[in-house]
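Colleague: Sharing final_33.pdb below, PDB, C-alpha atoms:
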ATOM      1  CA  THR A   1     194.318  58.628  91.422
ATOM      2  CA  ASN A   2     191.594  58.042  93.982
ATOM      3  CA  HIS A   3     192.481  54.526  95.091
ATOM      4  CA  HIS A   4     191.055  55.216  98.512
ATOM      5  CA  LEU A   5     191.738  51.850 100.131
ATOM      6  CA  ARG A   6     195.494  52.382 100.343
ATOM      7  CA  ASN A   7     194.642  55.303 102.632
ATOM      8  CA  ALA A   8     192.913  53.009 105.120
ATOM      9  CA  ALA A   9     194.842  52.699 108.375
ATOM     10  CA  THR A  10     194.174  48.963 108.309
ATOM     11  CA  HIS A  11     195.856  48.436 104.956
ATOM     12  CA  ARG A  12     198.739  50.715 105.853
ATOM     13  CA  LYS A  13     199.266  48.671 109.019
ATOM     14  CA  ILE A  14     199.218  45.437 107.001
ATOM     15  CA  ARG A  15     201.787  46.904 104.605
ATOM     16  CA  GLU A  16     203.977  48.012 107.518
ATOM     17  CA  LEU A  17     203.878  44.563 109.141
ATOM     18  CA  ILE A  18     204.793  42.882 105.868
ATOM     19  CA  GLN A  19     207.659  45.286 105.235
ATOM     20  CA  THR A  20     209.099  44.787 108.713
ATOM     21  CA  GLY A  21     209.060  40.998 108.305
ATOM     22  CA  ALA A  22     206.424  40.322 110.959
ATOM     23  CA  ILE A  23     205.000  37.367 109.004
ATOM     24  CA  GLY A  24     208.175  36.335 107.221
ATOM     25  CA  ARG A  25     208.055  35.900 103.464
ATOM     26  CA  PRO A  26     204.545  36.437 102.032
ATOM     27  CA  LEU A  27     203.186  33.359 100.278
ATOM     28  CA  ALA A  28     199.528  34.037  99.530
ATOM     29  CA  ALA A  29     196.760  36.589  99.944
ATOM     30  CA  ARG A  30     192.975  36.633  99.845
ATOM     31  CA  VAL A  31     190.578  39.513  99.220
ATOM     32  CA  PHE A  32     186.858  39.299 100.016
ATOM     33  CA  HIS A  33     185.189  42.290  98.394
ATOM     34  CA  ALA A  34     181.712  40.993  97.605
ATOM     35  CA  VAL A  35     179.100  43.555  98.657
ATOM     36  CA  TYR A  36     175.595  44.677  97.719
ATOM     37  CA  LEU A  37     175.550  47.670  95.407
ATOM     38  CA  PRO A  38     172.699  49.901  96.667
ATOM     39  CA  PRO A  39     170.171  51.228  94.149
ATOM     40  CA  HIS A  40     171.454  54.826  94.296
ATOM     41  CA  LEU A  41     174.892  53.631  93.105
ATOM     42  CA  GLN A  42     173.780  51.156  90.454
ATOM     43  CA  SER A  43     173.007  53.254  87.353
ATOM     44  CA  TRP A  44     175.979  53.130  84.908
ATOM     45  CA  ARG A  45     177.815  50.509  86.972
ATOM     46  CA  ILE A  46     175.334  47.814  85.950
ATOM     47  CA  ASP A  47     174.211  48.790  82.461
ATOM     48  CA  ARG A  48     176.838  50.908  80.650
ATOM     49  CA  PRO A  49     179.827  48.923  79.388
ATOM     50  CA  ASN A  50     181.327  51.954  77.641
ATOM     51  CA  ALA A  51     181.320  53.952  80.880
ATOM     52  CA  GLY A  52     183.414  51.402  82.748
ATOM     53  CA  GLY A  53     180.519  49.490  84.261
ATOM     54  CA  GLY A  54     180.717  45.991  85.692
ATOM     55  CA  VAL A  55     182.216  44.719  88.898
ATOM     56  CA  ILE A  56     185.740  44.259  87.491
ATOM     57  CA  LEU A  57     186.339  47.880  86.557
ATOM     58  CA  ASP A  58     184.458  49.110  89.623
ATOM     59  CA  ILE A  59     185.786  46.849  92.390
ATOM     60  CA  THR A  60     188.509  44.483  91.159
ATOM     61  CA  VAL A  61     190.644  47.445  90.149
ATOM     62  CA  HIS A  62     190.662  48.486  93.834
ATOM     63  CA  ASP A  63     191.619  44.959  94.919
ATOM     64  CA  ALA A  64     194.541  45.084  92.509
ATOM     65  CA  ASP A  65     195.703  48.422  93.859
ATOM     66  CA  THR A  66     195.337  47.370  97.491
ATOM     67  CA  LEU A  67     197.281  44.160  96.883
ATOM     68  CA  ARG A  68     200.002  46.022  94.983
ATOM     69  CA  PHE A  69     200.248  48.532  97.822
ATOM     70  CA  ALA A  70     200.269  46.047 100.706
ATOM     71  CA  LEU A  71     202.632  43.555  99.073
ATOM     72  CA  GLY A  72     204.876  46.155  97.451
ATOM     73  CA  ASP A  73     204.948  44.130  94.264
ATOM     74  CA  GLU A  74     203.416  43.895  90.785
ATOM     75  CA  VAL A  75     200.951  41.414  89.280
ATOM     76  CA  THR A  76     202.364  39.399  86.387
ATOM     77  CA  GLU A  77     199.363  37.281  85.321
ATOM     78  CA  VAL A  78     195.737  36.589  86.185
ATOM     79  CA  THR A  79     192.958  34.043  85.782
ATOM     80  CA  ALA A  80     189.264  34.698  86.412
ATOM     81  CA  MET A  81     185.647  33.639  85.973
ATOM     82  CA  THR A  82     182.659  35.982  85.994
ATOM     83  CA  ALA A  83     178.934  35.561  86.561
ATOM     84  CA  ASN A  84     175.732  37.501  86.101
ATOM     85  CA  GLN A  85     173.693  36.986  89.261
ATOM     86  CA  GLY A  86     170.743  39.190  88.399
ATOM     87  CA  MET A  87     171.932  42.784  88.697
ATOM     88  CA  GLY A  88     174.206  43.342  85.706
ATOM     89  CA  ARG A  89     172.644  44.270  82.385
ATOM     90  CA  ALA A  90     173.914  44.886  78.843
ATOM     91  CA  GLY A  91     176.245  41.925  79.176
ATOM     92  CA  LEU A  92     178.005  43.284  82.273
ATOM     93  CA  GLU A  93     179.283  40.978  84.991
ATOM     94  CA  ASP A  94     178.148  41.533  88.570
ATOM     95  CA  ALA A  95     180.397  38.907  90.213
ATOM     96  CA  VAL A  96     183.939  37.684  89.620
ATOM     97  CA  MET A  97     186.412  35.302  91.221
ATOM     98  CA  GLY A  98     190.005  34.846  90.232
ATOM     99  CA  VAL A  99     193.674  34.603  91.071
ATOM    100  CA  MET A 100     196.530  37.065  90.603
ATOM    101  CA  ARG A 101     200.154  35.968  90.515
ATOM    102  CA  PHE A 102     202.775  38.447  91.670
ATOM    103  CA  ARG A 103     206.344  38.879  90.528
ATOM    104  CA  ASN A 104     207.692  37.548  93.830
ATOM    105  CA  GLY A 105     205.590  34.375  93.555
ATOM    106  CA  VAL A 106     202.697  35.365  95.838
ATOM    107  CA  ILE A 107     199.305  34.159  94.596
ATOM    108  CA  ALA A 108     196.189  36.099  95.596
ATOM    109  CA  GLN A 109     192.546  35.031  95.454
ATOM    110  CA  PHE A 110     189.821  37.617  94.996
ATOM    111  CA  HIS A 111     186.011  37.566  95.104
ATOM    112  CA  ASP A 112     184.143  40.691  94.056
ATOM    113  CA  ALA A 113     180.409  41.152  93.610
ATOM    114  CA  PHE A 114     177.547  43.639  93.557
ATOM    115  CA  THR A 115     175.118  40.944  94.682
ATOM    116  CA  ALA A 116     176.077  39.819  98.220
ATOM    117  CA  PRO A 117     173.965  41.727 100.792
ATOM    118  CA  HIS A 118     175.047  39.593 103.763
ATOM    119  CA  ALA A 119     178.775  39.210 103.113
ATOM    120  CA  SER A 120     181.550  40.700 105.204
ATOM    121  CA  THR A 121     184.757  41.908 103.594
ATOM    122  CA  GLY A 122     188.330  41.009 104.344
ATOM    123  CA  PHE A 123     191.970  41.102 103.356
ATOM    124  CA  GLU A 124     194.386  38.353 104.386
ATOM    125  CA  VAL A 125     198.096  37.802 103.839
ATOM    126  CA  HIS A 126     199.748  34.509 104.785
ATOM    127  CA  GLY A 127     203.496  34.240 105.221
ATOM    128  CA  THR A 128     206.170  31.785 106.306
ATOM    129  CA  GLU A 129     206.122  33.042 109.911
ATOM    130  CA  GLY A 130     202.560  34.231 110.393
ATOM    131  CA  SER A 131     199.276  35.472 108.952
ATOM    132  CA  LEU A 132     197.533  38.842 108.881
ATOM    133  CA  TYR A 133     193.741  39.190 108.953
ATOM    134  CA  GLY A 134     192.021  42.436 108.023
ATOM    135  CA  ARG A 135     188.325  42.114 108.832
ATOM    136  CA  ASP A 136     185.627  44.411 107.419
ATOM    137  CA  VAL A 137     188.324  46.520 105.767
ATOM    138  CA  MET A 138     187.331  46.685 102.083
ATOM    139  CA  THR A 139     185.199  49.758 102.556
ATOM    140  CA  GLN A 140     185.224  53.515 102.169
ATOM    141  CA  ARG A 141     184.606  53.947 105.879
ATOM    142  CA  PRO A 142     187.430  54.163 108.468
ATOM    143  CA  VAL A 143     186.533  50.893 110.180
ATOM    144  CA  GLY A 144     187.760  47.327 110.532
ATOM    145  CA  THR A 145     190.377  45.436 112.510
ATOM    146  CA  VAL A 146     193.767  43.864 111.880
ATOM    147  CA  SER A 147     195.022  40.820 113.732
ATOM    148  CA  MET A 148     198.190  38.767 113.423
ATOM    149  CA  ARG A 149     198.507  35.051 114.069
ATOM    150  CA  ARG A 150     201.914  33.573 114.874
ATOM    151  CA  GLU A 151     202.872  30.354 116.675
ATOM    152  CA  GLY A 152     199.224  29.498 117.259
ATOM    153  CA  ILE A 153     198.394  32.823 118.942
ATOM    154  CA  GLU A 154     196.243  35.497 117.330
ATOM    155  CA  GLU A 155     196.403  39.064 118.621
ATOM    156  CA  GLU A 156     194.701  42.236 117.433
ATOM    157  CA  VAL A 157     197.055  44.936 116.176
ATOM    158  CA  PRO A 158     196.214  48.522 117.224
ATOM    159  CA  VAL A 159     195.087  50.738 114.335
ATOM    160  CA  ASP A 160     194.483  54.496 114.396
ATOM    161  CA  HIS A 161     191.601  55.054 111.988
ATOM    162  CA  GLU A 162     191.200  58.226 109.953
ATOM    163  CA  ASN A 163     189.001  59.332 107.075
ATOM    164  CA  LEU A 164     190.392  57.730 103.909
ATOM    165  CA  TYR A 165     189.498  60.634 101.659
ATOM    166  CA  GLU A 166     190.836  63.290 104.001
ATOM    167  CA  ARG A 167     194.184  61.505 104.024
ATOM    168  CA  SER A 168     194.136  61.188 100.240
ATOM    169  CA  VAL A 169     193.520  64.920  99.807
ATOM    170  CA  ARG A 170     196.132  65.767 102.432
ATOM    171  CA  CYS A 171     198.772  63.693 100.641
ATOM    172  CA  PHE A 172     197.800  65.207  97.298
ATOM    173  CA  ASN A 173     198.070  68.751  98.635
ATOM    174  CA  ALA A 174     201.460  67.945 100.155
ATOM    175  CA  ALA A 175     202.643  66.588  96.804
ATOM    176  CA  ILE A 176     201.558  69.812  95.098
ATOM    177  CA  ARG A 177     203.793  71.655  97.576
ATOM    178  CA  GLY A 178     206.680  69.358  96.624
ATOM    179  CA  GLU A 179     206.446  67.323  99.822
ATOM    180  CA  GLY A 180     206.355  63.695  98.723
ATOM    181  CA  GLU A 181     203.922  61.948  96.376
ATOM    182  CA  PRO A 182     200.156  61.396  96.362
ATOM    183  CA  ALA A 183     198.940  58.273  98.145
ATOM    184  CA  ALA A 184     198.272  56.776  94.700
ATOM    185  CA  THR A 185     200.127  58.198  91.733
ATOM    186  CA  GLY A 186     199.010  58.298  88.127
ATOM    187  CA  ALA A 187     201.334  55.366  87.502
ATOM    188  CA  ASP A 188     199.526  53.409  90.228
ATOM    189  CA  GLY A 189     196.232  54.160  88.521
ATOM    190  CA  VAL A 190     197.495  52.918  85.166
ATOM    191  CA  GLN A 191     199.015  49.743  86.598
ATOM    192  CA  SER A 192     195.996  48.775  88.691
ATOM    193  CA  LEU A 193     193.756  49.372  85.681
ATOM    194  CA  ALA A 194     196.032  47.129  83.595
ATOM    195  CA  VAL A 195     195.409  44.343  86.105
ATOM    196  CA  ALA A 196     191.628  44.834  85.921
ATOM    197  CA  ILE A 197     191.694  44.802  82.116
ATOM    198  CA  ALA A 198     193.699  41.563  82.203
ATOM    199  CA  VAL A 199     191.128  40.066  84.607
ATOM    200  CA  ARG A 200     188.316  40.931  82.193
ATOM    201  CA  GLU A 201     190.224  39.381  79.279
ATOM    202  CA  ALA A 202     190.979  36.261  81.310
ATOM    203  CA  ALA A 203     187.287  35.830  82.131
ATOM    204  CA  GLU A 204     186.270  36.348  78.500
ATOM    205  CA  THR A 205     188.843  33.940  77.051
ATOM    206  CA  GLY A 206     189.218  31.341  79.772
ATOM    207  CA  GLN A 207     192.976  31.826  79.554
ATOM    208  CA  THR A 208     195.701  32.951  81.923
ATOM    209  CA  VAL A 209     196.477  36.511  80.805
ATOM    210  CA  PRO A 210     199.732  38.403  81.386
ATOM    211  CA  VAL A 211     199.479  41.917  82.804
ATOM    212  CA  ALA A 212     200.831  44.732  80.678
ATOM    213  CA  GLY A 213     202.945  47.477  82.186
ATOM    214  CA  LYS A 214     205.752  47.266  84.720
TER     215      LYS A 214
END
Spit out the file's structure as structure tokens when you get a sec.
Modeller:
Amino acid sequence: TNHHLRNAATHRKIRELIQTGAIGRPLAARVFHAVYLPPHLQSWRIDRPNAGGGVILDITVHDADTLRFALGDEVTEVTAMTANQGMGRAGLEDAVMGVMRFRNGVIAQFHDAFTAPHASTGFEVHGTEGSLYGRDVMTQRPVGTVSMRREGIEEEVPVDHENLYERSVRCFNAAIRGEGEPAATGADGVQSLAVAIAVREAAETGQTVPVAGK
């Protein structure tokens, strides 16, 4: 499954720091993934509900996968609100905000949009002993920085960038040879999609919606 963001060196560094206990026990996360969808990419994303259009199935699904990957945990329930800010057609949303609750108790905010030409992107995780800040990291390009703040001091963490898609293909080819798994498995694709579908239902109903799957 081409969930490219888990191939970003920035997100892999954030995952590593969480797993090694650098920020203690994770408590909360925030994802800023509001961008401007350029005209050459709009097409079905803004006017074809049956093709998987709308910001939730196009962007929120990647937030869900990135959070699952970095936190090493599964989403149990979601809440959300959507908006149409002038780009979406045929009843499709072009902006969404919401909250995901994880099995371990972490709560994660997310803001996704097709309509924010001046926004920067980011990924934050806040723990009992420190906080991680990924800046300009929710992108297909191998860019962005990671910094860690502990005891009132913030320091940038070195990151070795590489092409996200080249790494994805390399991991896939290795898996075909029997050497490990793809960066994102089919099961990852199904579970991250289940989160996005729950987000859409939550926005439509105004209810907190449990996530199917694991």
Colleague: Any idea what's packed within 6 Å of region 30-33 of chain A, counting only C-alpha atoms, ignoring anything in its chain fewer than 3 positions away? Could you give it as a list in words?
Modeller: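 Skipping anything fewer than 3 positions along the chain leaves Ala108, Gln109, Phe110, His111, Asp112, Thr121, Gly122, Phe123 and Glu124 of chain A.
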Colleague: Keeping only C-alpha atoms, write the selected residues to a file as a CSV table (one decimal), in the frame of the given file.
Modeller:
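Written out: part_21.csv:
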chain,number,residue,atom,x,y,z
A,108,ALA,CA,196.2,36.1,95.6
A,109,GLN,CA,192.5,35.0,95.5
A,110,PHE,CA,189.8,37.6,95.0
A,111,HIS,CA,186.0,37.6,95.1
A,112,ASP,CA,184.1,40.7,94.1
A,121,THR,CA,184.8,41.9,103.6
A,122,GLY,CA,188.3,41.0,104.3
A,123,PHE,CA,192.0,41.1,103.4
A,124,GLU,CA,194.4,38.4,104.4
Colleague: Nearest residue to Leu71 (chain A) out of A:Thr20, A:Ser43, A:Thr205, A:Asn163, using only C-alpha atoms?
Modeller: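 Closest to Leu71 (chain A), using only C-alpha atoms: A:Thr20.
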Colleague: Step by step, work through what the PyMOL selection byres ((chain A and resi 65) around 9) selects in the shown file, and finish by giving those residues as a JSON list (two decimals) with C-alpha atoms, keeping the file's coordinate frame.
Modeller:
[["chain", "number", "residue", "atom", "x", "y", "z"],
["A", 3, "HIS", "CA", 192.48, 54.53, 95.09],
["A", 5, "LEU", "CA", 191.74, 51.85, 100.13],
["A", 6, "ARG", "CA", 195.49, 52.38, 100.34],
["A", 60, "THR", "CA", 188.51, 44.48, 91.16],
["A", 61, "VAL", "CA", 190.64, 47.44, 90.15],
["A", 62, "HIS", "CA", 190.66, 48.49, 93.83],
["A", 63, "ASP", "CA", 191.62, 44.96, 94.92],
["A", 64, "ALA", "CA", 194.54, 45.08, 92.51],
["A", 66, "THR", "CA", 195.34, 47.37, 97.49],
["A", 67, "LEU", "CA", 197.28, 44.16, 96.88],
["A", 68, "ARG", "CA", 200.00, 46.02, 94.98],
["A", 69, "PHE", "CA", 200.25, 48.53, 97.82],
["A", 70, "ALA", "CA", 200.27, 46.05, 100.71],
["A", 184, "ALA", "CA", 198.27, 56.78, 94.70],
["A", 188, "ASP", "CA", 199.53, 53.41, 90.23],
["A", 189, "GLY", "CA", 196.23, 54.16, 88.52],
["A", 191, "GLN", "CA", 199.02, 49.74, 86.60],
["A", 192, "SER", "CA", 196.00, 48.78, 88.69],
["A", 193, "LEU", "CA", 193.76, 49.37, 85.68],
["A", 195, "VAL", "CA", 195.41, 44.34, 86.10]]
Colleague: Report, in Å to a single decimal, how far apart CA of Ser120 (chain A) and CA of Gln140 (chain A) are.
Modeller: 13.7 Å
Colleague: Between A:Glu162, A:Arg200, A:Glu155, A:Thr1, which one has atoms that come closest to Ala95 (chain A), using all atoms listed in the file?
Modeller: A:Arg200
Colleague: For a quick check of understanding, using all atoms listed in the file, which of A:Arg167, A:Gly105, A:Arg25, A:Arg45 has the smallest distance to His126 (chain A)?
Modeller: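 Answer, going by the shortest atom-to-atom distance: A:Arg25.
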Colleague: Could you check which residues have any atom within 9 Å of (193.5, 37.7, 111.4), counting only C-alpha atoms with coordinates taken straight from the file, and then list them as a list in words?
Modeller: Phe123, Glu124, Val125, Ser131, Leu132, Tyr133, Gly134, Arg135, Thr145, Val146, Ser147, Met148, Arg149, Glu154, Glu155 and Glu156 of chain A
Colleague: Separation of CA of Arg103 (chain A) and CA of Glu151 (chain A), in Å?
Modeller: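 Calculated distance between CA of Arg103 (chain A) and CA of Glu151 (chain A) is 27.7 Å.
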Colleague: In terms of the shortest atom-to-atom distance over all atoms listed in the file, which of A:Val137, A:Val143, A:Gly213, A:Thr115 is closest to Ala187 (chain A)?
Modeller: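 Of all the options, A:Gly213 lies closest to Ala187 (chain A).
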